[in-house]
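Below: input.cif (mmCIF, C-alpha atoms)
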data_data
#
loop_
_atom_site.label_atom_id
_atom_site.label_comp_id
_atom_site.auth_asym_id
_atom_site.auth_seq_id
_atom_site.Cartn_x
_atom_site.Cartn_y
_atom_site.Cartn_z
CA MET A 4 17.94 -33.17 8.20
CA THR A 5 20.35 -34.82 5.81
CA MET A 6 18.18 -36.26 3.12
CA HIS A 7 16.14 -33.73 1.18
CA PHE A 8 13.37 -34.45 -1.25
CA ILE A 9 14.09 -32.89 -4.66
CA ALA A 10 11.48 -34.22 -7.08
CA THR A 11 9.26 -37.16 -7.92
CA SER A 12 7.61 -38.67 -10.94
CA GLY A 13 4.53 -39.21 -8.83
CA ALA A 14 2.43 -42.26 -9.66
CA MET A 15 2.95 -42.64 -13.39
CA THR A 16 0.16 -43.33 -15.81
CA ASN A 17 0.32 -46.63 -17.68
CA GLY A 18 2.71 -46.53 -20.64
CA THR A 19 4.70 -43.50 -19.51
CA VAL A 20 7.67 -43.60 -21.87
CA ALA A 21 10.25 -41.95 -19.64
CA HIS A 22 10.72 -39.75 -16.63
CA ASP A 23 13.25 -36.92 -16.60
CA PHE A 24 14.84 -35.14 -13.69
CA ASN A 25 16.22 -31.92 -15.17
CA SER A 26 18.06 -28.99 -13.62
CA ILE A 27 19.15 -31.08 -10.65
CA PRO A 28 20.28 -28.69 -7.88
CA GLN A 29 24.07 -28.52 -7.47
CA THR A 30 23.85 -27.96 -3.72
CA PHE A 31 24.12 -31.46 -2.23
CA GLN A 32 27.01 -33.86 -1.65
CA HIS A 33 25.29 -36.99 -2.95
CA LEU A 34 22.11 -38.00 -4.78
CA GLN A 35 19.84 -40.93 -4.02
CA VAL A 36 17.06 -42.21 -6.28
CA ARG A 37 14.36 -44.56 -5.06
CA LEU A 38 12.50 -46.51 -7.70
CA THR A 39 9.35 -48.63 -7.52
CA VAL A 40 8.79 -49.62 -11.13
CA ARG A 41 7.26 -52.09 -13.57
CA ASP A 42 7.41 -52.36 -17.36
CA THR A 43 4.47 -52.78 -19.75
CA ALA A 44 6.23 -55.14 -22.21
CA ALA A 45 4.78 -58.65 -22.58
CA PHE A 46 7.50 -60.39 -20.60
CA VAL A 47 7.91 -61.51 -17.00
CA GLN A 48 11.17 -59.60 -16.60
CA ARG A 49 12.75 -56.73 -18.47
CA SER A 50 15.16 -53.93 -17.56
CA TRP A 51 15.10 -50.30 -16.60
CA PHE A 52 17.46 -47.85 -18.25
CA LEU A 53 19.17 -44.59 -17.39
CA GLU A 54 20.74 -41.88 -19.47
CA VAL A 55 22.82 -39.17 -17.82
CA ASN A 56 23.08 -35.54 -18.96
CA GLY A 57 21.31 -36.34 -22.20
CA ASN A 58 23.86 -38.96 -23.20
CA SER A 59 22.65 -40.94 -26.18
CA PRO A 60 23.26 -44.70 -26.52
CA SER A 61 26.88 -44.44 -27.54
CA GLY A 62 29.91 -43.73 -25.45
CA SER A 63 32.58 -45.11 -23.19
CA ASN A 64 30.52 -45.97 -20.15
CA SER A 65 30.33 -49.39 -18.51
CA GLN A 66 28.25 -51.49 -16.15
CA HIS A 67 28.77 -54.50 -13.86
CA TYR A 68 26.47 -56.51 -11.67
CA LEU A 69 26.15 -59.29 -9.14
CA SER A 70 22.79 -61.02 -9.32
CA GLY A 71 20.90 -63.92 -7.79
CA ASP A 72 17.74 -65.36 -9.35
CA GLY A 73 16.65 -67.82 -6.67
CA SER A 74 18.67 -70.72 -8.01
CA GLY A 75 22.15 -69.33 -8.61
CA VAL A 76 24.34 -66.24 -8.61
CA GLY A 77 26.17 -64.60 -11.44
CA SER A 78 28.17 -61.58 -12.47
CA SER A 79 28.53 -59.86 -15.80
CA ASN A 80 29.59 -56.65 -17.49
CA ALA A 81 29.16 -54.47 -20.52
CA VAL A 82 31.67 -51.84 -21.63
CA ASN A 83 31.58 -48.89 -23.98
CA GLN A 84 27.91 -48.32 -23.30
CA GLY A 85 26.00 -45.10 -23.75
CA ARG A 86 23.26 -45.81 -21.29
CA TRP A 87 22.85 -47.87 -18.16
CA GLY A 88 20.65 -50.78 -19.09
CA GLY A 89 20.07 -53.88 -17.13
CA PRO A 90 18.65 -53.74 -13.62
CA ALA A 91 15.76 -56.19 -13.52
CA VAL A 92 12.19 -54.97 -13.50
CA PRO A 93 8.98 -57.01 -13.58
CA ALA A 94 6.94 -56.61 -16.74
CA ALA A 95 3.42 -57.21 -17.96
CA SER A 96 3.55 -61.02 -17.71
CA ALA A 97 4.66 -60.93 -14.09
CA SER A 98 2.07 -61.34 -11.36
CA ALA A 99 -0.29 -58.43 -11.06
CA ASN A 100 0.83 -55.56 -8.87
CA VAL A 101 4.43 -56.80 -8.54
CA PHE A 102 6.86 -53.89 -8.74
CA GLY A 103 10.65 -53.88 -8.54
CA ALA A 104 12.32 -51.74 -5.88
CA TYR A 105 15.75 -50.12 -6.18
CA ILE A 106 17.82 -47.67 -4.19
CA LEU A 107 20.39 -45.91 -6.34
CA ASP A 108 23.28 -43.89 -4.85
CA ILE A 109 25.37 -41.39 -6.79
CA LEU A 110 28.22 -40.15 -4.61
CA ASP A 111 29.91 -36.80 -5.29
CA TYR A 112 27.65 -36.20 -8.27
CA ARG A 113 28.92 -32.66 -8.86
CA ASP A 114 32.64 -33.28 -8.25
CA THR A 115 34.36 -32.41 -11.53
CA ASN A 116 37.51 -34.28 -10.49
CA LYS A 117 35.65 -37.57 -10.62
CA THR A 118 33.88 -39.65 -13.18
CA LYS A 119 30.53 -40.78 -11.77
CA THR A 120 29.89 -44.19 -10.29
CA PHE A 121 26.27 -45.26 -9.85
CA ARG A 122 25.50 -47.99 -7.31
CA ALA A 123 22.05 -49.59 -7.10
CA ILE A 124 20.76 -52.37 -4.91
CA GLY A 125 17.35 -53.92 -5.41
CA GLY A 126 15.24 -56.36 -7.38
CA PHE A 127 11.88 -58.05 -7.21
CA ASP A 128 10.25 -61.37 -6.39
CA ASN A 129 7.49 -62.79 -8.54
CA GLY A 130 6.63 -65.90 -6.56
CA GLY A 131 8.75 -68.28 -8.60
CA SER A 132 10.99 -65.91 -10.51
CA GLY A 133 12.70 -62.59 -10.07
CA ALA A 134 16.13 -61.28 -9.14
CA VAL A 135 18.09 -59.54 -6.41
CA GLU A 136 21.01 -57.44 -7.61
CA ILE A 137 23.75 -55.00 -6.88
CA TYR A 138 24.32 -53.08 -10.08
CA SER A 139 26.85 -50.41 -10.98
CA TYR A 140 27.34 -48.00 -13.83
CA LEU A 141 30.27 -45.81 -14.77
CA TYR A 142 29.27 -42.55 -16.40
CA ASN A 143 32.73 -41.92 -17.76
CA SER A 144 32.66 -38.15 -17.58
CA THR A 145 33.80 -35.68 -14.94
CA ASN A 146 30.88 -33.37 -15.74
CA ALA A 147 28.53 -32.64 -12.87
CA ILE A 148 25.27 -34.52 -13.16
CA SER A 149 22.46 -32.17 -14.02
CA SER A 150 19.86 -34.48 -15.58
CA LEU A 151 18.73 -38.10 -15.38
CA ARG A 152 16.34 -39.90 -17.72
CA PHE A 153 14.76 -43.18 -16.61
CA TYR A 154 12.87 -45.48 -18.94
CA THR A 155 12.04 -49.12 -19.61
CA ASN A 156 11.78 -51.29 -22.71
CA GLN A 157 8.21 -50.34 -23.53
CA GLY A 158 6.99 -47.89 -20.93
CA PHE A 159 6.37 -47.74 -17.21
CA ALA A 160 3.34 -49.51 -15.82
CA GLY A 161 0.74 -47.43 -14.05
CA GLY A 162 1.68 -46.74 -10.44
CA SER A 163 5.43 -46.80 -11.06
CA ARG A 164 7.20 -44.06 -9.10
CA ILE A 165 10.71 -42.59 -9.03
CA ASP A 166 11.83 -40.18 -6.30
CA LEU A 167 15.00 -38.08 -6.25
CA TYR A 168 16.69 -37.00 -3.01
CA GLY A 169 19.75 -34.90 -2.22
CA ILE A 170 22.01 -35.85 0.69
CA THR A 171 24.05 -33.19 2.47
CA SER A 172 27.39 -33.55 4.20
CA ASN A 173 27.48 -30.34 6.22
CA PRO A 174 29.20 -31.28 9.46
CA VAL A 175 27.76 -30.65 12.87
CA ALA A 176 30.10 -29.51 15.65
CA THR A 177 30.93 -32.77 17.35
CA GLY A 178 34.75 -32.77 17.38
CA ALA A 179 34.90 -35.96 15.29
CA MET B 19 19.04 -34.95 19.05
CA PRO B 20 16.99 -34.77 15.81
CA LYS B 21 15.57 -38.02 14.54
CA GLY B 22 16.84 -39.48 11.31
CA MET B 23 20.19 -39.17 9.59
CA GLN B 24 22.61 -36.33 10.32
CA PRO B 25 26.07 -35.67 8.85
CA ILE B 26 28.80 -35.76 11.49
CA PHE B 27 31.88 -35.01 9.46
CA THR B 28 33.37 -35.26 5.98
CA GLN B 29 37.00 -36.04 5.21
CA LYS B 30 38.65 -35.46 1.85
CA VAL B 31 42.05 -36.92 1.06
CA ASN B 32 44.78 -34.86 -0.56
CA SER B 33 47.82 -36.98 0.27
CA ALA B 34 47.25 -39.59 2.96
CA SER B 35 47.21 -43.34 3.33
CA PHE B 36 44.10 -43.47 5.48
CA ILE B 37 40.97 -41.60 6.49
CA ALA B 38 40.11 -41.52 10.19
CA PHE B 39 37.29 -40.26 12.36
CA ASN B 40 38.12 -39.86 16.04
CA ASN B 41 36.00 -38.87 19.04
CA ILE B 42 32.82 -40.05 17.36
CA PRO B 43 29.90 -38.69 19.40
CA GLN B 44 28.08 -41.38 21.35
CA THR B 45 24.69 -39.76 20.87
CA TYR B 46 23.26 -41.58 17.85
CA THR B 47 21.80 -45.05 17.44
CA ASP B 48 23.59 -46.17 14.27
CA LEU B 49 26.29 -44.93 11.93
CA LEU B 50 26.41 -44.81 8.14
CA ILE B 51 29.52 -44.10 6.07
CA LYS B 52 29.36 -43.03 2.45
CA LEU B 53 32.76 -43.60 0.91
CA SER B 54 34.10 -42.57 -2.49
CA ILE B 55 37.61 -43.98 -2.72
CA ARG B 56 40.44 -44.71 -5.13
CA GLY B 57 43.97 -46.06 -4.72
CA THR B 58 47.27 -44.86 -6.17
CA PRO B 59 49.10 -48.10 -7.14
CA ALA B 60 48.76 -49.61 -10.60
CA ALA B 61 46.72 -52.46 -9.15
CA PHE B 62 43.49 -53.28 -7.41
CA ASP B 63 43.80 -52.89 -3.66
CA SER B 64 41.54 -53.83 -0.78
CA VAL B 65 39.64 -51.33 1.33
CA GLY B 66 40.09 -52.02 5.03
CA ILE B 67 38.17 -50.82 8.08
CA ILE B 68 39.45 -50.63 11.67
CA PHE B 69 37.48 -49.69 14.79
CA ASN B 70 39.19 -48.08 17.80
CA GLY B 71 42.63 -48.86 16.35
CA ASN B 72 42.14 -52.55 17.06
CA GLN B 73 43.20 -55.06 14.44
CA TYR B 74 42.36 -58.29 16.22
CA SER B 75 39.27 -60.45 16.58
CA ARG B 76 37.31 -59.66 13.50
CA SER B 77 35.78 -61.58 10.64
CA ARG B 78 34.14 -60.82 7.36
CA ASN B 79 32.09 -62.61 4.74
CA ILE B 80 32.15 -61.29 1.18
CA MET B 81 29.92 -62.12 -1.77
CA GLN B 82 31.38 -60.61 -4.90
CA GLY B 83 31.09 -60.41 -8.64
CA ASN B 84 34.08 -59.51 -10.81
CA GLY B 85 32.20 -58.83 -14.01
CA SER B 86 32.26 -62.43 -15.19
CA ALA B 87 31.68 -64.71 -12.19
CA ALA B 88 30.30 -64.63 -8.65
CA SER B 89 32.01 -66.01 -5.57
CA SER B 90 32.01 -65.83 -1.79
CA SER B 91 34.78 -65.98 0.80
CA ARG B 92 35.28 -65.63 4.54
CA GLY B 93 38.36 -64.36 6.34
CA THR B 94 39.67 -62.68 9.46
CA TYR B 95 40.90 -59.62 7.62
CA ARG B 96 39.98 -55.96 7.71
CA ASP B 97 39.18 -55.76 4.01
CA ILE B 98 35.54 -55.21 3.09
CA GLY B 99 35.89 -54.70 -0.67
CA ALA B 100 38.31 -53.21 -3.14
CA MET B 101 39.26 -50.05 -5.01
CA GLY B 102 41.02 -49.47 -8.27
CA GLY B 103 44.23 -47.54 -8.85
CA THR B 104 45.93 -46.33 -11.98
CA ASN B 105 45.13 -49.69 -13.54
CA THR B 106 41.49 -48.60 -13.80
CA THR B 107 39.74 -45.90 -15.78
CA SER B 108 41.00 -42.42 -14.94
CA ASN B 109 39.18 -40.56 -12.18
CA VAL B 110 36.86 -43.45 -11.34
CA TYR B 111 36.17 -43.96 -7.63
CA SER B 112 34.68 -46.94 -5.87
CA SER B 113 31.39 -46.31 -4.08
CA TYR B 114 30.59 -47.70 -0.62
CA ASP B 115 27.79 -47.62 1.93
CA ILE B 116 28.87 -48.98 5.33
CA TYR B 117 26.10 -49.40 7.89
CA ILE B 118 27.13 -49.83 11.54
CA PRO B 119 24.17 -50.38 13.89
CA ASN B 120 24.26 -50.00 17.69
CA TYR B 121 27.78 -48.59 17.69
CA THR B 122 27.57 -47.18 21.23
CA LEU B 123 26.87 -50.54 22.82
CA SER B 124 29.64 -52.75 24.19
CA ILE B 125 28.80 -55.64 21.92
CA PHE B 126 30.17 -57.38 18.85
CA HIS B 127 29.70 -54.90 16.03
CA GLN B 128 28.11 -56.26 12.91
CA CYS B 129 28.41 -54.10 9.79
CA ILE B 130 26.75 -54.43 6.41
CA ILE B 131 28.47 -53.06 3.33
CA ASP B 132 27.36 -52.70 -0.27
CA ALA B 133 29.98 -51.47 -2.67
CA VAL B 134 31.03 -51.29 -6.29
CA LEU B 135 34.30 -50.78 -8.12
CA GLU B 136 33.52 -49.48 -11.59
CA ASN B 137 35.91 -49.60 -14.51
CA ASN B 138 35.38 -49.21 -18.24
CA ALA B 139 36.66 -52.75 -18.76
CA SER B 140 35.21 -56.18 -18.31
CA GLU B 141 36.79 -56.44 -14.84
CA GLY B 142 34.81 -54.49 -12.28
CA TYR B 143 33.57 -55.54 -8.86
CA SER B 144 30.33 -55.68 -6.90
CA TYR B 145 30.32 -56.50 -3.18
CA LEU B 146 27.90 -57.43 -0.46
CA THR B 147 29.91 -57.79 2.73
CA SER B 148 29.18 -58.52 6.35
CA PHE B 149 31.94 -57.59 8.82
CA VAL B 150 32.02 -58.21 12.54
CA ASP B 151 34.35 -56.78 15.17
CA LEU B 152 34.47 -59.16 18.14
CA ASN B 153 35.95 -56.87 20.78
CA ASN B 154 32.92 -55.81 22.82
CA PHE B 155 33.70 -52.11 22.83
CA SER B 156 31.69 -49.10 21.81
CA ILE B 157 33.05 -47.56 18.64
CA ASN B 158 34.66 -44.15 19.10
CA SER B 159 37.03 -44.12 16.15
CA ILE B 160 36.96 -45.52 12.62
CA SER B 161 39.82 -45.72 10.16
CA ILE B 162 39.61 -46.57 6.46
CA SER B 163 42.74 -47.47 4.54
CA SER B 164 44.05 -49.70 1.81
CA SER B 165 45.07 -53.14 2.93
CA THR B 166 48.60 -52.19 1.97
CA TYR B 167 49.56 -49.91 4.82
CA GLY B 168 51.32 -46.69 3.91
CA VAL B 169 50.12 -46.58 0.33
CA ASN B 170 48.39 -43.31 -0.39
CA LEU B 171 44.73 -43.16 -1.29
CA GLY B 172 43.82 -41.35 -4.44
CA PRO B 173 43.36 -37.59 -4.14
CA ASP B 174 39.74 -36.50 -3.74
CA SER B 175 38.75 -39.71 -2.01
CA THR B 176 35.96 -38.69 0.37
CA MET B 177 34.26 -40.24 3.35
CA THR B 178 31.22 -38.82 5.10
CA LEU B 179 30.17 -40.15 8.48
CA TYR B 180 26.47 -39.92 9.32
CA GLY B 181 24.74 -40.54 12.62
CA ILE B 182 21.27 -42.07 12.59
CA SER B 183 18.93 -41.46 15.52
CA ARG B 184 15.68 -43.17 16.30
CA GLN B 185 14.77 -40.76 19.08
#
Could I get this structure in the form of structure tokens?
Amino acid sequence: MTMHFIATSGAMTNGTVAHDFNSIPQTFQHLQVRLTVRDTAAFVQRSWFLEVNGNSPSGSNSQHYLSGDGSGVGSSNAVNQGRWGGPAVPAASASANVFGAYILDILDYRDTNKTKTFRAIGGFDNGGSGAVEIYSYLYNSTNAISSLRFYTNQGFAGGSRIDLYGITSNPVATGA
Amino acid sequence: MPKGMQPIFTQKVNSASFIAFNNIPQTYTDLLIKLSIRGTPAAFDSVGIIFNGNQYSRSRNIMQGNGSAASSSRGTYRDIGAMGGTNTTSNVYSSYDIYIPNYTLSIFHQCIIDAVLENNASEGYSYLTSFVDLNNFSINSISISSSTYGVNLGPDSTMTLYGISRQ
């Protein structure tokens, strides 16, 4: 088995402000987070956010994305950020029961020779609006990642869920 | 053979211009590569992939964002994305997932890649790439390098090869 379950938010109650993964085990090669989320703000589309190792919204981190919204594609960036903010999430004015889905990979999350690159692919469709995206974030620190805080503009909608997995790299004896 | 995803081998670069896996076991259904890579020149450089040492009959289609605009291109090259060098933020490594289904079959091999090149500057890259090798062989070796042959990869670049089994 390569992919090991670490922790989950479970099905969140409506209005959950944030979910924290603390004391992340330092025993895997990579981390993967799987999100199925929705925001409670009175908009069709908002964003989900991430803070790493308790980082507050100031710093030298950056983000870039490639996005399609059903009618065109675009790319943008933001530098000198403290938090990762931007991946699209459906909110309270979106169709009922529509949730956004993302898979987020964090390679070499405990390698202290590297700053940490986050790569997420996902989006949502709302039957007439929505987005599909590949989104990245540079946590510009070589510190190992020990905690992650996820939140939205106003709070997670009921039923949102975030799962954290660890991925190993222990080789098997194949001669490769 | 256990079902699901299993690590086959991990390579870490100290001073080398490429990362290679040889004698890949032919006992899985699909392959997945997780790649954390950086270059050494003071410039962006492409990341290239080669199967079985063969550099002919291949094609790739890239959709990319550079932090300000999106574009798409097709070519017959080995490059599937890019990595930064000393022109980018210190110690930042590009992040790749490379999915290679049905690698044991003697067919054209279609690969799907999602990748990002982060940088604490407005210029950073996002990629969705499809790559096809048109040689009708089963894949028993994979090499990853810069598109500029002989140029060293950044130290601590890592590549883990996973096998995925359905049965």
What would the selection look like, as a PDB file with C-alpha atoms, keeping the file's coordinate frame, if the PyMOL selection byres ((chain B and resi 19-33) around 10) were run on the coordinates I just shared?
ATOM      1  CA  MET A   4      17.940 -33.170   8.200  1.00  0.00           C
ATOM      2  CA  THR A   5      20.350 -34.820   5.810  1.00  0.00           C
ATOM      3  CA  MET A   6      18.180 -36.260   3.120  1.00  0.00           C
ATOM      4  CA  ILE A 170      22.010 -35.850   0.690  1.00  0.00           C
ATOM      5  CA  THR A 171      24.050 -33.190   2.470  1.00  0.00           C
ATOM      6  CA  SER A 172      27.390 -33.550   4.200  1.00  0.00           C
ATOM      7  CA  ASN A 173      27.480 -30.340   6.220  1.00  0.00           C
ATOM      8  CA  PRO A 174      29.200 -31.280   9.460  1.00  0.00           C
ATOM      9  CA  VAL A 175      27.760 -30.650  12.870  1.00  0.00           C
ATOM     10  CA  ALA A 176      30.100 -29.510  15.650  1.00  0.00           C
ATOM     11  CA  THR A 177      30.930 -32.770  17.350  1.00  0.00           C
ATOM     12  CA  GLY A 178      34.750 -32.770  17.380  1.00  0.00           C
ATOM     13  CA  ALA A 179      34.900 -35.960  15.290  1.00  0.00           C
TER      14      ALA A 179
ATOM     15  CA  ALA B  34      47.250 -39.590   2.960  1.00  0.00           C
ATOM     16  CA  SER B  35      47.210 -43.340   3.330  1.00  0.00           C
ATOM     17  CA  PHE B  36      44.100 -43.470   5.480  1.00  0.00           C
ATOM     18  CA  ILE B  37      40.970 -41.600   6.490  1.00  0.00           C
ATOM     19  CA  ALA B  38      40.110 -41.520  10.190  1.00  0.00           C
ATOM     20  CA  PHE B  39      37.290 -40.260  12.360  1.00  0.00           C
ATOM     21  CA  ILE B  42      32.820 -40.050  17.360  1.00  0.00           C
ATOM     22  CA  PRO B  43      29.900 -38.690  19.400  1.00  0.00           C
ATOM     23  CA  THR B  45      24.690 -39.760  20.870  1.00  0.00           C
ATOM     24  CA  TYR B  46      23.260 -41.580  17.850  1.00  0.00           C
ATOM     25  CA  THR B  47      21.800 -45.050  17.440  1.00  0.00           C
ATOM     26  CA  ASP B  48      23.590 -46.170  14.270  1.00  0.00           C
ATOM     27  CA  LEU B  49      26.290 -44.930  11.930  1.00  0.00           C
ATOM     28  CA  LEU B  50      26.410 -44.810   8.140  1.00  0.00           C
ATOM     29  CA  ILE B  51      29.520 -44.100   6.070  1.00  0.00           C
ATOM     30  CA  LYS B  52      29.360 -43.030   2.450  1.00  0.00           C
ATOM     31  CA  LEU B  53      32.760 -43.600   0.910  1.00  0.00           C
ATOM     32  CA  SER B  54      34.100 -42.570  -2.490  1.00  0.00           C
ATOM     33  CA  ILE B  55      37.610 -43.980  -2.720  1.00  0.00           C
ATOM     34  CA  VAL B 169      50.120 -46.580   0.330  1.00  0.00           C
ATOM     35  CA  ASN B 170      48.390 -43.310  -0.390  1.00  0.00           C
ATOM     36  CA  LEU B 171      44.730 -43.160  -1.290  1.00  0.00           C
ATOM     37  CA  GLY B 172      43.820 -41.350  -4.440  1.00  0.00           C
ATOM     38  CA  PRO B 173      43.360 -37.590  -4.140  1.00  0.00           C
ATOM     39  CA  ASP B 174      39.740 -36.500  -3.740  1.00  0.00           C
ATOM     40  CA  SER B 175      38.750 -39.710  -2.010  1.00  0.00           C
ATOM     41  CA  THR B 176      35.960 -38.690   0.370  1.00  0.00           C
ATOM     42  CA  MET B 177      34.260 -40.240   3.350  1.00  0.00           C
ATOM     43  CA  THR B 178      31.220 -38.820   5.100  1.00  0.00           C
ATOM     44  CA  LEU B 179      30.170 -40.150   8.480  1.00  0.00           C
ATOM     45  CA  TYR B 180      26.470 -39.920   9.320  1.00  0.00           C
ATOM     46  CA  GLY B 181      24.740 -40.540  12.620  1.00  0.00           C
ATOM     47  CA  ILE B 182      21.270 -42.070  12.590  1.00  0.00           C
ATOM     48  CA  SER B 183      18.930 -41.460  15.520  1.00  0.00           C
ATOM     49  CA  ARG B 184      15.680 -43.170  16.300  1.00  0.00           C
ATOM     50  CA  GLN B 185      14.770 -40.760  19.080  1.00  0.00           C
TER      51      GLN B 185
END
### Task
List every protein, DNA or RNA residue that has at least one atom no more than 10 Å from (24.9, -56.0, -11.0) in the file's coordinates, counting only C-alpha atoms, and write the result as a ChimeraX atom specification.
/A:66-71,77-80,89-91,122-125,135-140 /B:83-85,134,143-145
With 8 Å of padding per side, what axis-aligned box (centre and edge lengths, Å, one decimal) covers all the listed atoms of segment 162-178 of chain B? Give it as AutoDock Vina command-line options.
--center_x 41.3 --center_y -44.8 --center_z 1.0 --size_x 36.1 --size_y 32.6 --size_z 26.9
### Between atom CA of Gln73 of chain B and atom CA of Thr147 of chain B, distance in Å (one decimal)
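Straight-line distance from atom CA of Gln73 of chain B to atom CA of Thr147 of chain B works out to 17.9 Å.
When the distance limit is 8 Å and only C-alpha atoms are what count, the residues near segment 127-131 of chain A, minus those fewer than 5 positions from it on the same chain, are Ala91, Val92, Pro93, Ala97, Ser98, Val101, Phe102, Gly103 and Ala104 of chain A.
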#### Entry: Point-to-point distance from atom CA of Phe149 of chain B to atom CA of Ile130 of chain B, Å rounded to tenths
6.5 Å
### Task
Run the PyMOL selection byres ((chain A and resi 33) around 8) against the file shown and list the residues it catches, as number ranges by chain.
A: 31-32, 34-35, 108-112, 169-171
### Message
Rounded to one decimal, what separation in Å do you get between atom CA of Asp132 of chain B and atom CA of Ile67 of chain B?
### Response
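These atoms are spaced 13.8 Å apart.
Counting all atoms listed in the file, the residue from B:Ile125, B:Ile131, B:Val65, B:Ile98 that sits nearest to chain A is B:Ile131.
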#### Entry: Residues matched by the PyMOL selection byres ((chain A and resi 94) around 7) as a list in words
Arg41, Asp42, Thr43, Ala44, Ala45, Phe46, Val47, Gln48, Arg49, Val92, Pro93, Ala95, Ser96 and Ala97 of chain A
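For the residues B:Gly103, B:Asn137, B:Val150, B:Ile162, ranking by smallest atom-to-atom distance to chain A using only C-alpha atoms places B:Asn137 first.
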### Task
Counting all atoms listed in the file, find the residues whose atoms lie at most 8 Å from (33.5, -48.0, -6.6) (file coordinates) and write them out as a VMD selection string.
(chain A and resid 120) or (chain B and resid 54 to 56 100 to 102 110 to 114 133 to 136 143)
